[in-house]
>>> print(open('run.cif').read())   # mmCIF, C-alpha atoms and all ligand atoms
data_coords
loop_
_atom_site.label_atom_id
_atom_site.label_comp_id
_atom_site.auth_asym_id
_atom_site.auth_seq_id
_atom_site.Cartn_x
_atom_site.Cartn_y
_atom_site.Cartn_z
CA MET L 6 -179.87 41.60 -55.53
CA ASP L 7 -181.70 44.32 -53.62
CA ARG L 8 -180.03 46.97 -51.49
CA GLY L 9 -180.94 45.36 -48.16
CA THR L 10 -179.43 42.00 -49.16
CA TYR L 11 -176.37 43.79 -50.48
CA ASP L 12 -175.82 45.78 -47.28
CA SER L 13 -176.07 42.77 -45.00
CA LEU L 14 -173.87 40.56 -47.21
CA PHE L 15 -171.23 43.26 -47.69
CA ASP L 16 -171.04 44.04 -43.96
CA ARG L 17 -170.95 40.35 -43.02
CA LEU L 18 -168.16 39.51 -45.48
CA ARG L 19 -166.08 42.46 -44.34
CA VAL L 20 -166.42 41.54 -40.67
CA GLU L 21 -165.95 37.78 -41.06
CA TYR L 22 -163.51 37.51 -43.99
CA SER L 23 -162.05 41.04 -44.55
CA THR L 24 -163.40 41.02 -48.10
CA PRO L 25 -164.40 42.35 -50.65
CA ILE L 26 -161.72 44.97 -51.31
CA GLN L 27 -164.27 47.43 -52.64
CA ALA L 28 -165.78 50.80 -51.71
CA LYS L 29 -169.31 49.97 -50.60
CA GLU L 30 -171.32 52.59 -52.52
CA GLU L 31 -169.35 52.28 -55.71
CA PHE L 32 -169.53 48.49 -55.68
CA TRP L 33 -173.27 48.64 -55.03
CA GLU L 34 -173.71 50.52 -58.31
CA LEU L 35 -171.94 47.68 -60.09
CA VAL L 36 -173.87 44.95 -58.26
CA ALA L 37 -177.16 46.64 -59.18
CA LEU L 38 -176.15 46.79 -62.84
CA VAL L 39 -174.98 43.17 -62.93
CA THR L 40 -178.26 42.17 -61.25
CA SER L 41 -180.20 43.82 -64.06
CA LEU L 42 -178.04 42.03 -66.65
CA ALA L 43 -179.10 38.69 -65.09
CA PRO L 44 -175.90 36.90 -66.16
CA THR L 45 -175.47 33.14 -66.42
CA ASN L 46 -171.69 33.07 -66.92
CA VAL L 47 -169.38 35.32 -64.91
CA LEU L 48 -165.59 35.48 -65.13
CA GLU L 49 -163.52 37.32 -62.52
CA LEU L 50 -159.81 38.03 -62.97
CA GLY L 51 -158.31 38.72 -59.53
CA VAL L 52 -160.07 36.95 -56.68
CA GLU L 53 -157.76 37.63 -53.72
CA LYS L 54 -159.85 36.88 -50.59
CA GLY L 55 -162.95 35.96 -52.57
CA GLY L 56 -165.54 38.53 -51.52
CA THR L 57 -166.54 39.86 -54.93
CA ILE L 58 -167.14 36.29 -56.12
CA LYS L 59 -169.82 35.83 -53.46
CA PHE L 60 -171.87 38.67 -54.96
CA TRP L 61 -171.73 37.14 -58.45
CA ASP L 62 -172.83 33.84 -56.94
CA GLU L 63 -175.87 35.44 -55.32
CA ILE L 64 -176.80 37.13 -58.61
CA VAL L 65 -176.20 34.18 -60.94
CA GLY L 66 -178.25 31.66 -58.97
CA PRO L 67 -178.71 27.95 -59.76
CA GLY L 68 -177.74 26.87 -63.28
CA GLY L 69 -175.17 29.62 -63.70
CA LYS L 70 -171.43 29.37 -63.57
CA ILE L 71 -168.65 31.50 -62.13
CA ILE L 72 -164.93 31.21 -62.81
CA GLY L 73 -162.49 33.02 -60.56
CA LEU L 74 -158.89 33.22 -61.80
CA ASP L 75 -155.99 34.29 -59.62
CA ILE L 76 -152.24 33.81 -59.74
CA ASN L 77 -152.33 32.99 -56.02
CA LEU L 78 -155.38 31.35 -54.52
CA GLY L 79 -153.63 31.12 -51.16
CA ALA L 80 -155.14 34.45 -50.11
CA VAL L 81 -158.77 33.26 -50.31
CA THR L 82 -160.43 33.64 -46.90
CA MET L 83 -163.99 32.96 -47.93
CA PRO L 84 -164.96 29.31 -47.36
CA ARG L 85 -165.14 27.47 -50.73
CA ASP L 86 -168.50 25.91 -49.91
CA PHE L 87 -169.90 29.40 -49.40
CA VAL L 88 -170.27 29.67 -53.18
CA SER L 89 -172.17 27.01 -55.10
CA ASP L 90 -171.40 27.40 -58.81
CA LEU L 91 -167.76 28.37 -58.60
CA GLU L 92 -164.62 27.10 -60.27
CA LEU L 93 -161.42 28.65 -58.97
CA ILE L 94 -158.39 28.48 -61.27
CA GLU L 95 -154.91 29.27 -60.07
CA GLY L 96 -152.69 30.73 -62.78
CA ASP L 97 -151.36 33.78 -64.57
CA SER L 98 -154.04 35.50 -66.64
CA HIS L 99 -151.35 36.35 -69.22
CA SER L 100 -150.37 32.73 -69.81
CA SER L 101 -151.65 31.33 -73.11
CA GLU L 102 -152.35 27.94 -71.48
CA ILE L 103 -154.47 29.58 -68.80
CA ILE L 104 -156.33 31.72 -71.35
CA GLN L 105 -157.11 28.58 -73.39
CA LEU L 106 -158.22 26.74 -70.25
CA VAL L 107 -160.62 29.52 -69.29
CA LYS L 108 -161.95 29.69 -72.87
CA SER L 109 -162.57 25.95 -72.91
CA LYS L 110 -164.50 26.11 -69.66
CA MET L 111 -166.42 29.32 -70.40
CA PRO L 112 -166.47 30.18 -74.11
CA VAL L 113 -169.19 32.81 -73.65
CA VAL L 114 -169.11 35.31 -70.79
CA ASP L 115 -172.00 37.58 -69.81
CA PHE L 116 -170.07 39.59 -67.24
CA LEU L 117 -166.30 39.96 -66.99
CA PHE L 118 -164.79 41.63 -63.91
CA ILE L 119 -161.16 42.69 -64.41
CA ASP L 120 -159.45 43.19 -61.04
CA GLY L 121 -156.19 41.24 -61.44
CA ASP L 122 -152.85 42.61 -62.64
CA HIS L 123 -153.12 46.39 -62.09
CA ARG L 124 -150.08 47.37 -64.16
CA TYR L 125 -150.79 49.21 -67.44
CA GLU L 126 -149.47 46.34 -69.58
CA GLY L 127 -151.24 43.81 -67.35
CA VAL L 128 -154.72 45.28 -67.50
CA LYS L 129 -154.33 45.96 -71.22
CA ALA L 130 -153.38 42.32 -71.85
CA ASP L 131 -156.35 41.11 -69.78
CA PHE L 132 -158.68 43.32 -71.81
CA GLU L 133 -157.29 42.10 -75.13
CA ASN L 134 -157.10 38.42 -74.18
CA PHE L 135 -160.51 38.05 -72.54
CA ARG L 136 -162.61 40.58 -74.42
CA PRO L 137 -163.42 38.10 -77.25
CA LEU L 138 -165.27 35.94 -74.73
CA VAL L 139 -167.76 38.63 -73.75
CA ARG L 140 -171.00 38.19 -75.66
CA PRO L 141 -172.72 41.02 -77.55
CA GLY L 142 -174.78 42.90 -74.97
CA GLY L 143 -172.51 41.60 -72.21
CA LEU L 144 -170.73 43.73 -69.66
CA MET L 145 -167.10 44.28 -68.71
CA ALA L 146 -166.06 46.13 -65.55
CA PHE L 147 -162.63 47.34 -64.42
CA HIS L 148 -161.83 48.04 -60.81
CA ASP L 149 -159.41 50.78 -59.70
CA ILE L 150 -159.69 53.01 -62.76
CA HIS L 151 -157.95 55.83 -60.86
CA ASP L 152 -155.02 53.59 -59.96
CA ALA L 153 -151.62 54.57 -61.44
CA GLY L 154 -151.50 51.50 -63.70
CA VAL L 155 -155.15 50.91 -64.59
CA GLY L 156 -155.90 54.65 -64.95
CA PRO L 157 -153.93 55.37 -68.13
CA PHE L 158 -155.36 52.28 -69.84
CA TRP L 159 -158.89 53.19 -68.76
CA GLN L 160 -158.45 56.67 -70.26
CA GLU L 161 -157.49 55.03 -73.57
CA LEU L 162 -160.69 52.98 -73.44
CA GLU L 163 -162.71 56.11 -72.70
CA ARG L 164 -161.34 57.73 -75.84
CA THR L 165 -162.16 54.69 -77.98
CA TYR L 166 -165.39 53.21 -76.60
CA LYS L 167 -168.67 54.36 -75.11
CA THR L 168 -168.00 53.87 -71.41
CA SER L 169 -169.46 54.79 -68.06
CA LYS L 170 -168.07 54.74 -64.54
CA PHE L 171 -168.85 54.87 -60.85
CA HIS L 172 -166.67 56.71 -58.40
CA GLN L 173 -167.40 57.00 -54.68
CA GLN L 174 -165.78 60.27 -53.66
CA SER L 175 -164.83 59.10 -50.19
CA GLY L 176 -162.59 56.02 -50.25
CA GLY L 177 -163.43 54.87 -53.77
CA ILE L 178 -160.96 54.28 -56.58
CA GLY L 179 -163.45 53.92 -59.37
CA ILE L 180 -165.16 51.22 -61.40
CA GLY L 181 -165.26 51.55 -65.18
CA LEU L 182 -167.84 49.89 -67.42
CA LEU L 183 -167.83 48.84 -71.01
CA ARG L 184 -170.88 47.31 -72.64
CA PHE L 185 -170.61 45.32 -75.84
C1 LIG L 201 -157.11 43.71 -55.93
S1 LIG L 201 -156.98 42.00 -55.77
C2 LIG L 201 -158.60 41.41 -56.19
C3 LIG L 201 -159.64 41.81 -55.20
C4 LIG L 201 -161.00 41.20 -55.28
N1 LIG L 201 -161.57 41.18 -56.63
C5 LIG L 201 -161.91 41.97 -54.35
O1 LIG L 201 -162.43 43.01 -54.74
O2 LIG L 201 -162.06 41.54 -53.21
C6 LIG L 201 -156.00 41.57 -57.17
C7 LIG L 201 -155.71 40.09 -57.33
O3 LIG L 201 -155.20 39.89 -58.65
C8 LIG L 201 -154.27 38.84 -58.60
N2 LIG L 201 -153.38 38.93 -59.77
C9 LIG L 201 -152.40 39.85 -60.00
N3 LIG L 201 -151.81 39.61 -61.17
C10 LIG L 201 -152.42 38.52 -61.70
C11 LIG L 201 -152.24 37.77 -62.89
N4 LIG L 201 -151.31 38.09 -63.81
N5 LIG L 201 -153.04 36.70 -63.11
C12 LIG L 201 -153.99 36.36 -62.21
N6 LIG L 201 -154.20 37.03 -61.06
C13 LIG L 201 -153.43 38.09 -60.82
C14 LIG L 201 -153.56 39.01 -57.25
O4 LIG L 201 -153.02 37.79 -56.81
C15 LIG L 201 -154.69 39.53 -56.35
O5 LIG L 201 -155.26 38.47 -55.61
#
>>> encode(input="run.cif", output="structure tokens")
Amino acid sequence: MDRGTYDSLFDRLRVEYSTPIQAKEEFWELVALVTSLAPTNVLELGVEKGGTIKFWDEIVGPGGKIIGLDINLGAVTMPRDFVSDLELIEGDSHSSEIIQLVKSKMPVVDFLFIDGDHRYEGVKADFENFRPLVRPGGLMAFHDIHDAGVGPFWQELERTYKTSKFHQQSGGIGIGLLRF
């Protein structure tokens, strides 16, 4: 996705559907990186209104697949037919049944976006449970790495893995990246 397409899609989604819940410059850095990865299979934990999903859909294109998992799909404002290759699953990302369901539907993930349970234990569990699905060379991103819950876990990852991050100084809360 190029910058012009990104700008018009981001502005449109914010005006029409109040989504995505992202800082525009910081999220652009992620979108540009995911574009260069050219993923086929994308998994998002934490959909809320649905805006971030629309960007993955634009990047993946025909033949790809996107799964969006959320404990409450009632908040989605984006029309379902707005995204072509999407499967939305309602459930708790910490439930073993849900983890197995996701694995059965997408055993190999190119890009995993973790933006669900923001508590320390929650984001840690999401990392541990879904990390085995990410293929070698794949990408994992965490939103809100300066949040009170995600932050301490992200700092642990920074001490253990080679990571990088984007942080828009004005209004951003940080996106962390881990490449396998
Ligand atoms: C910050 S919002 C996601 C925002 C969205 N990715 C965006 O940028 O527009 C977090 C979402 O995670 C969901 N969530 C929280 N805990 C969860 C869990 N244990 N399993 C699945 N979803 C969860 C919430 O329902 C909420 O919709």
>>> residues_near_ligand(input="run.cif", ligand="ligand LIG 201 (chain L)", cutoff="8 Å", atoms="all atoms listed in the file", output="number ranges by chain")
L: 24-27, 49-58, 74-78, 80, 95-99, 118-123, 127, 148
>>> residues_around(input="run.cif", residues="Ile150 of chain L", least_positions_apart="5", cutoff="6 Å", atoms="only C-alpha atoms", output="JSON, numbers by chain")
{"L": [155, 156, 179, 180]}
>>> closest_residue(input="run.cif", among="L:Met145, L:Ile178, L:Met6, L:Leu18", to="Phe87 of chain L", atoms="all atoms listed in the file")
L:Leu18
>>> closest_residue(input="run.cif", among="L:Arg136, L:Lys59, L:Lys167, L:Arg124", to="Ala153 of chain L", atoms="all atoms listed in the file")
L:Arg124
>>> closest_residue(input="run.cif", among="L:Gly66, L:Gly154, L:Gly142, L:Pro137", to="Asp115 of chain L", atoms="only C-alpha atoms")
L:Gly142
